[in-house]
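So this one's final_1.cif, mmCIF, C-alpha atoms:
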data_my_file
#
loop_
_atom_site.label_atom_id
_atom_site.label_comp_id
_atom_site.auth_asym_id
_atom_site.auth_seq_id
_atom_site.Cartn_x
_atom_site.Cartn_y
_atom_site.Cartn_z
CA MET A 14 0.00 0.00 0.00
CA VAL A 15 1.50 3.34 -1.08
CA PRO A 16 1.40 5.90 1.79
CA ALA A 17 -0.97 8.83 1.22
CA TRP A 18 1.84 11.36 1.69
CA LYS A 19 3.80 9.83 -1.18
CA ILE A 20 0.78 10.03 -3.48
CA LYS A 21 0.25 13.66 -2.45
CA ARG A 22 3.93 14.45 -3.06
CA GLU A 23 3.83 12.94 -6.55
CA LEU A 24 0.61 14.79 -7.41
CA THR A 25 2.22 18.03 -6.26
CA ARG A 26 5.29 17.33 -8.39
CA ILE A 27 3.11 16.65 -11.46
CA LYS A 28 1.12 19.83 -10.80
CA ASP A 29 4.34 21.87 -10.60
CA GLN A 30 5.57 20.37 -13.88
CA ILE A 31 2.29 21.28 -15.57
CA LEU A 32 2.41 24.83 -14.20
CA HIS A 33 5.98 25.26 -15.48
CA LEU A 34 5.23 23.65 -18.85
CA PRO A 35 4.54 26.95 -20.70
CA GLN A 36 7.86 28.39 -19.51
CA THR A 37 9.69 25.18 -20.39
CA LEU A 38 8.20 25.11 -23.89
CA SER A 39 8.75 28.82 -24.54
CA SER A 40 12.43 28.53 -23.57
CA LEU A 41 13.01 25.49 -25.78
CA PRO A 42 13.96 27.33 -29.03
CA GLY A 43 16.50 29.46 -27.17
CA ARG A 44 17.98 26.44 -25.43
CA MET A 45 18.35 24.64 -28.75
CA ARG A 46 20.41 27.56 -30.07
CA GLU A 47 22.57 28.00 -26.96
CA SER A 48 25.39 25.73 -28.08
CA GLN A 49 25.99 27.99 -31.07
CA LYS A 50 25.46 31.09 -28.92
CA ARG A 51 28.19 29.95 -26.53
CA ALA A 52 30.57 29.21 -29.40
CA ASP A 53 29.92 32.66 -30.94
CA TYR A 54 30.35 34.35 -27.57
CA LEU A 55 33.70 32.70 -26.86
CA ARG A 56 34.93 33.40 -30.39
CA ASP A 57 33.98 37.09 -30.19
CA PHE A 58 34.57 37.52 -26.46
CA ASP A 59 36.92 40.50 -26.72
CA LYS A 60 34.51 42.26 -29.10
CA LEU A 61 31.40 41.58 -27.04
CA THR A 62 32.91 42.59 -23.69
CA ARG A 63 34.76 45.62 -22.39
CA ARG A 64 37.51 45.38 -19.81
CA SER A 65 38.89 48.45 -18.08
CA GLN A 66 41.72 48.97 -15.61
CA GLY A 67 40.63 50.38 -12.27
CA THR A 68 42.62 52.69 -10.03
CA GLN A 69 43.14 50.11 -7.26
CA PRO A 70 46.23 47.87 -7.24
CA LEU A 71 46.23 44.12 -7.76
CA ALA A 72 46.72 42.15 -4.52
CA ASP A 73 47.35 38.56 -3.46
CA ARG A 74 43.66 38.47 -2.59
CA VAL A 75 41.10 39.07 -5.34
CA ALA A 76 37.32 39.48 -5.07
CA ILE A 77 35.16 38.81 -8.13
CA PHE A 78 32.01 40.86 -7.44
CA LEU A 79 29.24 40.45 -10.00
CA LEU A 80 26.70 43.27 -10.33
CA TYR A 81 23.37 43.46 -12.11
CA GLN A 82 22.13 46.98 -11.45
CA PRO A 83 20.66 48.37 -14.70
CA LYS A 84 18.92 51.24 -12.86
CA GLY A 85 22.19 52.59 -11.49
CA ILE A 86 24.90 51.50 -9.10
CA ALA A 87 23.62 51.29 -5.52
CA ARG A 88 25.44 52.89 -2.62
CA SER A 89 25.60 49.50 -0.93
CA ALA A 90 27.67 48.12 -3.82
CA LEU A 91 30.26 50.83 -3.25
CA ALA A 92 30.19 50.10 0.49
CA THR A 93 30.89 46.44 -0.30
CA CYS A 94 33.86 47.49 -2.44
CA ASP A 95 35.15 49.62 0.44
CA TRP A 96 34.85 46.62 2.76
CA LEU A 97 36.64 44.29 0.33
CA ARG A 98 39.53 46.71 -0.08
CA ALA A 99 39.76 47.22 3.68
CA GLN A 100 40.10 43.43 4.03
CA GLY A 101 43.01 43.38 1.56
CA TYR A 102 41.08 42.25 -1.54
CA ALA A 103 41.44 43.74 -5.01
CA PRO A 104 37.89 44.04 -6.38
CA PHE A 105 37.36 42.60 -9.87
CA LEU A 106 33.93 43.96 -10.78
CA VAL A 107 31.83 42.14 -13.37
CA LEU A 108 28.81 43.94 -14.81
CA ASN A 109 25.97 41.96 -16.37
CA CYS A 110 24.25 45.16 -17.49
CA ALA A 111 24.89 48.43 -19.30
CA ILE A 112 25.91 51.40 -17.16
CA THR A 113 26.33 55.14 -17.60
CA ASN A 114 29.71 56.78 -18.08
CA GLU A 115 29.32 58.37 -14.65
CA ASP A 116 28.77 55.00 -12.97
CA ARG A 117 31.67 53.49 -14.88
CA ALA A 118 34.00 56.22 -13.64
CA LEU A 119 32.75 55.69 -10.09
CA LEU A 120 33.32 51.94 -10.23
CA LEU A 121 36.81 52.33 -11.71
CA GLU A 122 37.78 54.37 -8.65
CA ASN A 123 36.74 51.43 -6.46
CA CYS A 124 38.20 48.41 -8.27
CA TRP A 125 41.29 46.82 -9.73
CA SER A 126 39.55 45.63 -12.90
CA LEU A 127 36.13 46.09 -14.48
CA LEU A 128 34.51 43.71 -16.98
CA GLU A 129 31.34 44.76 -18.81
CA ARG A 130 29.63 41.83 -20.50
CA PRO A 131 26.27 40.87 -21.99
CA ASN A 132 23.81 39.41 -19.50
CA PHE A 133 24.48 35.86 -20.69
CA GLY A 134 24.54 32.99 -18.23
CA TYR A 135 23.42 34.77 -15.06
CA ASP A 136 25.95 34.90 -12.20
CA PHE A 137 27.81 31.73 -13.24
CA GLY A 138 28.41 33.14 -16.70
CA GLY A 139 30.03 36.22 -15.18
CA TYR A 140 32.00 34.14 -12.69
CA GLN A 141 33.31 31.95 -15.52
CA ASP A 142 34.43 34.95 -17.59
CA ALA A 143 36.25 36.54 -14.64
CA ILE A 144 38.03 33.30 -13.73
CA ARG A 145 39.03 32.84 -17.38
CA LEU A 146 40.50 36.36 -17.42
CA LEU A 147 42.41 35.85 -14.17
CA ASN A 148 43.98 32.77 -15.74
CA ARG A 149 44.73 34.73 -18.90
CA ASP A 150 46.45 37.38 -16.75
CA GLY A 151 48.47 34.72 -14.95
CA VAL A 152 46.97 35.70 -11.58
CA THR A 153 47.04 33.00 -8.88
CA PRO A 154 45.21 34.46 -5.88
CA GLU A 155 46.20 33.48 -2.38
CA LYS A 156 42.50 33.79 -1.61
CA LEU A 157 39.63 34.47 -3.97
CA ILE A 158 36.15 35.73 -3.14
CA VAL A 159 33.46 35.04 -5.74
CA MET A 160 30.20 36.84 -4.96
CA ASN A 161 27.21 38.62 -6.47
CA ASP A 162 24.87 41.43 -5.47
CA SER A 163 21.78 39.28 -4.84
CA VAL A 164 22.53 39.75 -1.14
CA TRP A 165 23.41 42.77 0.95
CA MET A 166 26.71 42.31 2.70
CA PRO A 167 28.49 42.81 4.94
CA MET A 168 25.71 43.44 7.44
CA ARG A 169 28.42 43.26 10.12
CA PRO A 170 32.08 44.25 9.73
CA GLY A 171 33.50 41.03 11.22
CA LEU A 172 32.20 38.66 8.53
CA LEU A 173 35.54 37.71 7.00
CA GLY A 174 37.09 37.18 10.42
CA GLN A 175 34.33 34.72 11.27
CA LEU A 176 34.68 33.04 7.88
CA GLU A 177 38.42 32.76 8.31
CA ALA A 178 37.82 30.89 11.56
CA ASN A 179 35.58 28.42 9.70
CA PHE A 180 37.98 28.42 6.76
CA ALA A 181 41.07 27.33 8.68
CA ASP A 182 41.08 23.77 7.37
CA ALA A 183 38.72 24.17 4.38
CA ASP A 184 39.45 24.84 0.71
CA ILE A 185 36.14 26.56 -0.05
CA CYS A 186 33.84 28.34 2.39
CA GLY A 187 30.34 29.69 1.79
CA LEU A 188 27.84 31.68 3.78
CA LEU A 189 25.10 29.07 3.79
CA GLN A 190 24.99 25.37 2.99
CA ASP A 191 21.74 24.27 1.39
CA GLU A 192 20.84 20.82 2.71
CA LYS A 193 18.20 19.02 0.66
CA VAL A 194 15.13 17.74 2.49
CA ILE A 195 13.05 14.65 1.76
CA HIS A 196 9.49 15.81 2.41
CA ASP A 197 6.90 13.66 4.15
CA THR A 198 4.03 14.03 6.60
CA SER A 199 6.46 14.31 9.52
CA GLY A 200 7.68 17.64 8.19
CA GLY A 201 10.59 16.20 6.24
CA HIS A 202 14.07 14.94 7.04
CA ALA A 203 17.52 15.77 5.72
CA SER A 204 18.99 13.89 2.78
CA ALA A 205 22.68 13.31 2.04
CA PHE A 206 22.70 16.04 -0.64
CA SER A 207 23.90 19.57 -0.03
CA HIS A 208 25.70 22.45 -1.73
CA LEU A 209 27.03 25.91 -0.97
CA GLU A 210 24.78 28.74 -2.11
CA SER A 211 26.44 30.61 -4.93
CA TYR A 212 26.11 34.26 -3.91
CA PHE A 213 29.40 33.97 -1.98
CA TYR A 214 32.43 31.68 -2.01
CA LEU A 215 35.74 32.17 -0.21
CA ILE A 216 38.29 30.07 -2.11
CA ARG A 217 41.79 29.15 -0.98
CA ARG A 218 44.74 28.84 -3.38
CA SER A 219 44.69 25.09 -2.79
CA ALA A 220 41.31 25.00 -4.52
CA TRP A 221 42.27 27.47 -7.28
CA GLN A 222 45.26 25.33 -8.24
CA HIS A 223 43.36 22.04 -8.11
CA PRO A 224 42.91 20.55 -11.61
CA GLU A 225 39.23 19.81 -10.98
CA PHE A 226 38.53 23.42 -10.00
CA GLN A 227 40.06 24.69 -13.21
CA ALA A 228 38.39 21.93 -15.23
CA PHE A 229 34.98 22.85 -13.86
CA TRP A 230 35.29 26.46 -15.00
CA ASP A 231 36.93 25.51 -18.30
CA ASN A 232 34.12 23.12 -19.16
CA TYR A 233 31.10 24.85 -17.62
CA LYS A 234 28.46 25.64 -20.27
CA MET A 235 26.86 28.96 -19.42
CA THR A 236 23.14 29.13 -20.11
CA ASP A 237 20.24 31.55 -19.97
CA TYR A 238 17.96 28.74 -18.78
CA LYS A 239 17.91 29.31 -15.03
CA PRO A 240 17.12 25.73 -13.90
CA LYS A 241 20.25 24.55 -15.74
CA THR A 242 22.32 27.33 -14.21
CA ILE A 243 21.27 26.17 -10.75
CA LYS A 244 21.71 22.46 -11.51
CA ASN A 245 24.92 22.57 -13.56
CA GLY A 246 26.38 25.65 -11.89
CA GLU A 247 25.55 26.11 -8.23
CA ILE A 248 24.76 22.50 -7.31
CA ARG A 249 27.29 20.75 -9.52
CA PHE A 250 30.15 23.07 -8.50
CA SER A 251 29.90 22.08 -4.83
CA ARG A 252 29.46 18.41 -5.57
CA ALA A 253 32.30 18.30 -8.12
CA MET A 254 34.67 20.03 -5.70
CA ALA A 255 33.72 17.67 -2.87
CA ALA A 256 34.13 14.66 -5.18
CA ALA A 257 37.62 15.96 -6.07
CA GLY A 258 38.59 15.75 -2.41
CA LEU A 259 38.40 19.45 -1.59
CA LYS A 260 36.92 20.35 1.78
CA LEU A 261 33.86 22.60 1.72
CA THR A 262 32.32 24.33 4.71
CA ALA A 263 29.81 27.09 5.43
CA LEU A 264 29.18 29.76 8.01
CA SER A 265 25.62 28.54 8.59
CA ARG A 266 23.66 25.31 8.12
CA ARG A 267 20.11 24.21 8.83
CA GLU A 268 21.29 21.17 10.81
CA VAL A 269 23.31 23.39 13.15
CA PHE A 270 20.42 25.86 13.45
CA LEU A 271 18.08 23.08 14.59
CA GLN A 272 20.65 21.72 17.04
CA GLU A 273 21.26 25.15 18.56
CA ILE A 274 17.63 26.14 18.88
CA GLN A 275 16.97 23.00 20.93
CA LYS A 276 19.32 24.45 23.56
CA LYS A 277 17.53 27.81 23.84
CA ASP A 278 15.14 28.73 26.62
CA ASP A 279 11.42 29.45 26.25
CA ALA A 280 11.92 33.22 26.13
CA PHE A 281 14.20 32.76 23.11
CA LEU A 282 11.56 30.59 21.41
CA ARG A 283 8.90 33.24 22.02
CA ASN A 284 11.06 35.86 20.31
CA THR A 285 11.78 33.41 17.50
CA LEU A 286 8.04 33.17 16.84
CA LYS A 287 7.45 36.90 17.34
CA TYR A 288 9.89 37.77 14.54
CA ALA A 289 9.01 34.90 12.21
CA ALA A 290 8.24 35.00 8.48
CA TYR A 291 6.17 32.54 6.50
CA ALA A 292 4.96 32.12 2.93
CA ASP A 293 3.30 28.68 2.79
CA ALA A 294 -0.39 28.43 3.71
CA ASP A 295 -0.04 25.28 5.80
CA ILE A 296 2.91 26.70 7.77
CA ILE A 297 0.94 29.91 8.37
CA ARG A 298 -2.00 27.85 9.67
CA ARG A 299 0.34 25.93 11.96
CA ALA A 300 1.89 29.21 13.20
CA LYS A 301 -1.57 30.54 14.11
CA HIS A 302 -2.31 27.34 16.00
CA ILE A 303 1.00 27.62 17.88
CA ALA A 304 0.29 31.28 18.72
CA ALA A 305 -3.03 30.27 20.29
CA LEU A 306 -1.42 27.72 22.61
CA ASP A 307 -1.01 28.48 26.31
CA ALA A 308 2.73 28.87 26.98
CA ALA A 309 2.16 27.08 30.28
CA HIS A 310 0.93 23.98 28.50
CA PRO A 311 3.31 21.06 29.17
CA GLU A 312 3.64 20.33 25.45
CA TRP A 313 4.12 23.97 24.38
CA ARG A 314 7.90 23.76 23.95
CA GLU A 315 7.73 20.47 22.08
CA LYS A 316 5.08 21.83 19.70
CA VAL A 317 7.02 25.06 19.08
CA LEU A 318 10.23 23.20 18.27
CA ASP A 319 8.33 20.87 15.95
CA HIS A 320 6.79 23.88 14.19
CA ILE A 321 10.21 25.49 13.76
CA ARG A 322 11.64 22.25 12.40
CA ARG A 323 8.81 21.90 9.87
CA ALA A 324 9.18 25.54 8.79
CA VAL A 325 12.93 25.40 8.19
CA ASN A 326 12.61 22.08 6.36
CA ARG A 327 10.38 23.95 3.90
CA LYS A 328 12.13 27.33 3.65
CA ARG A 329 15.56 28.67 4.60
CA PHE A 330 16.02 29.08 8.36
CA ASN A 331 17.44 32.58 7.88
CA ALA A 332 14.28 33.53 5.98
CA SER A 333 11.75 32.00 8.36
CA PHE A 334 13.37 33.01 11.64
CA PRO A 335 15.60 36.10 11.25
CA TYR A 336 15.79 36.77 15.00
CA ALA A 337 16.99 33.25 15.80
CA ASN A 338 19.40 33.35 12.85
CA GLU A 339 20.83 36.60 14.23
CA GLN A 340 21.40 35.09 17.66
CA ILE A 341 22.82 31.77 16.44
CA PHE A 342 24.93 32.76 13.43
CA GLY A 343 24.76 36.56 13.22
CA THR A 344 23.04 38.39 10.38
CA HIS A 345 25.98 38.75 8.01
CA PHE A 346 23.97 38.98 4.79
CA LEU A 347 20.40 39.58 3.69
CA LYS A 348 18.72 38.36 0.51
CA LYS A 349 17.25 40.91 -1.92
CA SER A 350 14.93 38.38 -3.59
CA SER A 351 11.35 39.46 -4.35
CA GLU A 352 9.97 36.01 -3.48
CA PRO A 353 7.22 36.24 -0.81
CA ILE A 354 9.26 34.46 1.88
CA TRP A 355 12.17 36.90 1.55
CA SER A 356 9.88 39.92 1.54
CA ALA A 357 8.20 38.61 4.69
CA MET A 358 11.64 38.00 6.20
CA ARG A 359 12.75 41.58 5.57
CA SER A 360 9.59 42.91 7.25
CA ALA A 361 10.22 40.69 10.28
CA TYR A 362 13.87 41.75 10.32
CA LEU A 363 12.94 45.45 10.27
CA ARG A 364 10.51 44.92 13.16
CA ALA A 365 13.25 43.23 15.14
CA LEU A 366 15.69 46.00 14.22
CA ASN A 367 13.33 48.75 15.35
CA GLU A 368 12.83 46.96 18.66
CA GLY A 369 16.57 46.55 19.23
CA MET A 370 16.53 42.77 18.84
CA VAL A 371 19.08 42.54 15.99
CA SER A 372 22.26 44.44 15.19
CA ALA A 373 21.92 47.40 12.86
CA PRO A 374 23.42 47.19 9.36
CA PRO A 375 25.45 49.96 7.70
CA PRO A 376 23.33 53.02 6.75
CA ALA A 377 23.48 52.45 2.97
CA ILE A 378 22.16 48.91 3.39
CA ALA A 379 19.53 49.93 5.96
CA ASP A 380 18.18 52.57 3.56
CA GLU A 381 17.96 50.09 0.68
CA ILE A 382 16.21 47.43 2.77
CA LEU A 383 13.63 49.97 3.88
CA ALA A 384 13.16 51.33 0.35
CA LEU A 385 12.60 47.83 -1.06
CA GLN A 386 10.09 46.94 1.64
CA THR A 387 8.25 50.24 1.23
CA LYS A 388 7.95 49.49 -2.47
CA ASP A 389 6.85 45.88 -1.99
CA GLN A 390 4.62 46.23 1.08
CA PRO A 391 3.67 49.87 1.77
CA PRO A 392 1.14 49.16 4.54
CA LYS A 393 3.43 46.82 6.48
CA ALA A 394 6.93 48.26 6.12
CA PRO A 395 8.03 49.90 9.40
CA ALA A 396 10.13 53.04 9.32
CA LEU A 397 13.55 52.82 10.88
CA THR A 398 13.54 54.42 14.28
CA LYS A 399 16.11 57.00 15.29
CA LEU A 400 17.62 54.41 17.62
CA ALA A 401 18.04 51.91 14.78
CA ARG A 402 19.54 54.56 12.52
CA ARG A 403 22.02 55.60 15.21
CA GLY A 404 23.06 51.98 15.59
CA ALA A 405 23.43 51.62 11.83
CA ALA A 406 25.63 54.69 11.64
CA ASN A 407 28.02 53.14 14.16
CA THR A 408 28.22 49.73 12.49
CA LEU A 409 30.97 50.32 9.93
#
For this file, write the structure as structure tokens.
Amino acid sequence: MVPAWKIKRELTRIKDQILHLPQTLSSLPGRMRESQKRADYLRDFDKLTRRSQGTQPLADRVAIFLLYQPKGIARSALATCDWLRAQGYAPFLVLNCAITNEDRALLLENCWSLLERPNFGYDFGGYQDAIRLLNRDGVTPEKLIVMNDSVWMPMRPGLLGQLEANFADADICGLLQDEKVIHDTSGGHASAFSHLESYFYLIRRSAWQHPEFQAFWDNYKMTDYKPKTIKNGEIRFSRAMAAAGLKLTALSRREVFLQEIQKKDDAFLRNTLKYAAYADADIIRRAKHIAALDAAHPEWREKVLDHIRRAVNRKRFNASFPYANEQIFGTHFLKKSSEPIWSAMRSAYLRALNEGMVSAPPPAIADEILALQTKDQPPKAPALTKLARRGAANTL
């Protein structure tokens, strides 16, 4: 007898495939032409791209920082460049969009090298081009950061110091390790599959010089079909590097989050729920049920922990529970995604910030978070209090 939850899971999978069928079919002609598009792009690379020398010197540490900001370069991007330089990294900026002459001049003041390229291949296409050019230049970084602007960072100035502590015996370090979940009626359980999320990698020379690292980037086939970018780029990169014997680690992981939250007292759990964010209807219903429970009930703690476990098995722990993430790992980055869960997370984060429950980010980042939330959710977005702004001003 097939369990009901398995039947439901398969029906959900079929439904998702049907819903995505129009997109899959509409992208098919472009995907069929991509092999030729890649060949043409590589052949005409120097004609299709523009590389400029920045005013900053080359260093033993290089940071590839990919930007897609067609409406103008954000102040937070310049703050990130300042941070990278202060940490001893030479910024290699990669633009996947057209920019004005004024923005180009501004970026050149803040980087060692600037590559302007067509928006082909998303972030992994830009990463591949930059790595190819570093090899062409004969640059062998002692340490290499590869990152994009889909997150705000650093939210705290000590990020690299904390990463270096994690990085001591690792070849590649990320900010968050995505651990795949097998879903069932119990709320799901972890599988053996994981990968580092691709908005930030800290890479040691031991990885850069490894034949499999270079082979991955030599052979990677950039694509404008996002599911393939995720599968053959983000996921395959981590798994190929691990299979090659390189050690990968991350600043934060769901497994560690769940272990740590078990140790917290009831007051911590109440704050975790107070500053929670949800996007799935069944998790929202469960959250309302938990909120109605008497905290003195003998099963309250058990039910709360089970709810948290179910929520983070469905969505990222740093999205669902920004207060708990702050206390356990520190809020070192924040996603800019427009997906409902991330928008809800930013609203919860701003509430916690205004009430002094999380550390304030740098002013440029605080302003952009608030502006995005005001745009996305005008009735719900809280204004930053004077206290929060004062804290932000003292952060960096």
Residues within 12 Å of Gln175 in chain A, all atoms listed in the file, excluding chain neighbours under 3 positions, as a list in words: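 Those residues are Pro167, Arg169, Pro170, Gly171, Leu172, Ala178, Asn179, Phe180, Ala181, Cys186, Gly187, Leu188, Leu215, Ala263, Leu264, Ser265, Phe342, Gly343, Thr344 and His345 of chain A.
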Spatial neighbours of Trp313 in chain A, 12 Å, only C-alpha atoms, chain gap at least 4 places, as a PyMOL selection string: chain A and resi 279+282-283+302-309+317-320
Residues matched by the PyMOL selection byres ((chain A and resi 73) around 6), written as a list in words: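 With the shown file as input, the PyMOL selection byres ((chain A and resi 73) around 6) matches Ala72, Arg74, Pro154 and Glu155 of chain A.
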Expansion of the PyMOL selection byres ((chain A and resi 109-118) around 7) into residues, as a list of chain:residue names: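 This file, filtered by the PyMOL selection byres ((chain A and resi 109-118) around 7), leaves A:Leu80, A:Tyr81, A:Gln82, A:Pro83, A:Gly85, A:Ile86, A:Val107, A:Leu108, A:Leu119, A:Leu120, A:Leu121, A:Glu122, A:Glu129, A:Arg130, A:Pro131, A:Asn132.
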May I have the centre and edge lengths, in Å to one decimal, of an axis-aligned box around the listed atoms of range 360-372 of chain A with 6 Å added to every side, as AutoDock Vina command-line options?
--center_x 15.9 --center_y 44.7 --center_z 13.2 --size_x 24.7 --size_y 20.1 --size_z 24.0
Counting all atoms listed in the file, the option among A:Ser126, A:Thr242, A:Asn232, A:Asn326 closest to Lys193 in chain A: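 For Lys193 in chain A, the nearest of the given residues is A:Asn326.
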A:Gln272, A:Ser211, A:Asn123, A:Thr62 ranked by distance to Tyr102 in chain A, top pick (using all atoms listed in the file):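 Smallest distance to Tyr102 in chain A is found for A:Asn123.
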Distance query Tyr135 in chain A at most 9 Å, all atoms listed in the file, self and fewer than 6 positions along chain excluded, as an NGL selection string: :A and (109 or 235-239 or 242)
I need the chosen residues saved as a PDB file, keeping the file's coordinate frame, with C-alpha atoms.
ATOM      1  CA  ASN A 109      25.970  41.960 -16.370  1.00  0.00           C
ATOM      2  CA  MET A 235      26.860  28.960 -19.420  1.00  0.00           C
ATOM      3  CA  THR A 236      23.140  29.130 -20.110  1.00  0.00           C
ATOM      4  CA  ASP A 237      20.240  31.550 -19.970  1.00  0.00           C
ATOM      5  CA  TYR A 238      17.960  28.740 -18.780  1.00  0.00           C
ATOM      6  CA  LYS A 239      17.910  29.310 -15.030  1.00  0.00           C
ATOM      7  CA  THR A 242      22.320  27.330 -14.210  1.00  0.00           C
TER       8      THR A 242
END
I need the output of the PyMOL selection byres ((chain A and resi 228) around 12) for this file as a PDB file with C-alpha atoms, keeping the file's coordinate frame; which residues are they?
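That gives us part30.pdb:
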ATOM      1  CA  GLN A 141      33.310  31.950 -15.520  1.00  0.00           C
ATOM      2  CA  ILE A 144      38.030  33.300 -13.730  1.00  0.00           C
ATOM      3  CA  ARG A 145      39.030  32.840 -17.380  1.00  0.00           C
ATOM      4  CA  ALA A 220      41.310  25.000  -4.520  1.00  0.00           C
ATOM      5  CA  TRP A 221      42.270  27.470  -7.280  1.00  0.00           C
ATOM      6  CA  GLN A 222      45.260  25.330  -8.240  1.00  0.00           C
ATOM      7  CA  HIS A 223      43.360  22.040  -8.110  1.00  0.00           C
ATOM      8  CA  PRO A 224      42.910  20.550 -11.610  1.00  0.00           C
ATOM      9  CA  GLU A 225      39.230  19.810 -10.980  1.00  0.00           C
ATOM     10  CA  PHE A 226      38.530  23.420 -10.000  1.00  0.00           C
ATOM     11  CA  GLN A 227      40.060  24.690 -13.210  1.00  0.00           C
ATOM     12  CA  PHE A 229      34.980  22.850 -13.860  1.00  0.00           C
ATOM     13  CA  TRP A 230      35.290  26.460 -15.000  1.00  0.00           C
ATOM     14  CA  ASP A 231      36.930  25.510 -18.300  1.00  0.00           C
ATOM     15  CA  ASN A 232      34.120  23.120 -19.160  1.00  0.00           C
ATOM     16  CA  TYR A 233      31.100  24.850 -17.620  1.00  0.00           C
ATOM     17  CA  LYS A 234      28.460  25.640 -20.270  1.00  0.00           C
ATOM     18  CA  PHE A 250      30.150  23.070  -8.500  1.00  0.00           C
ATOM     19  CA  ALA A 253      32.300  18.300  -8.120  1.00  0.00           C
ATOM     20  CA  MET A 254      34.670  20.030  -5.700  1.00  0.00           C
ATOM     21  CA  ALA A 257      37.620  15.960  -6.070  1.00  0.00           C
TER      22      ALA A 257
END
Separation of CA of Leu157 in chain A from CA of Ala183 in chain A in Å: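 Separation of CA of Ala183 in chain A and CA of Leu157 in chain A: 13.3 Å.
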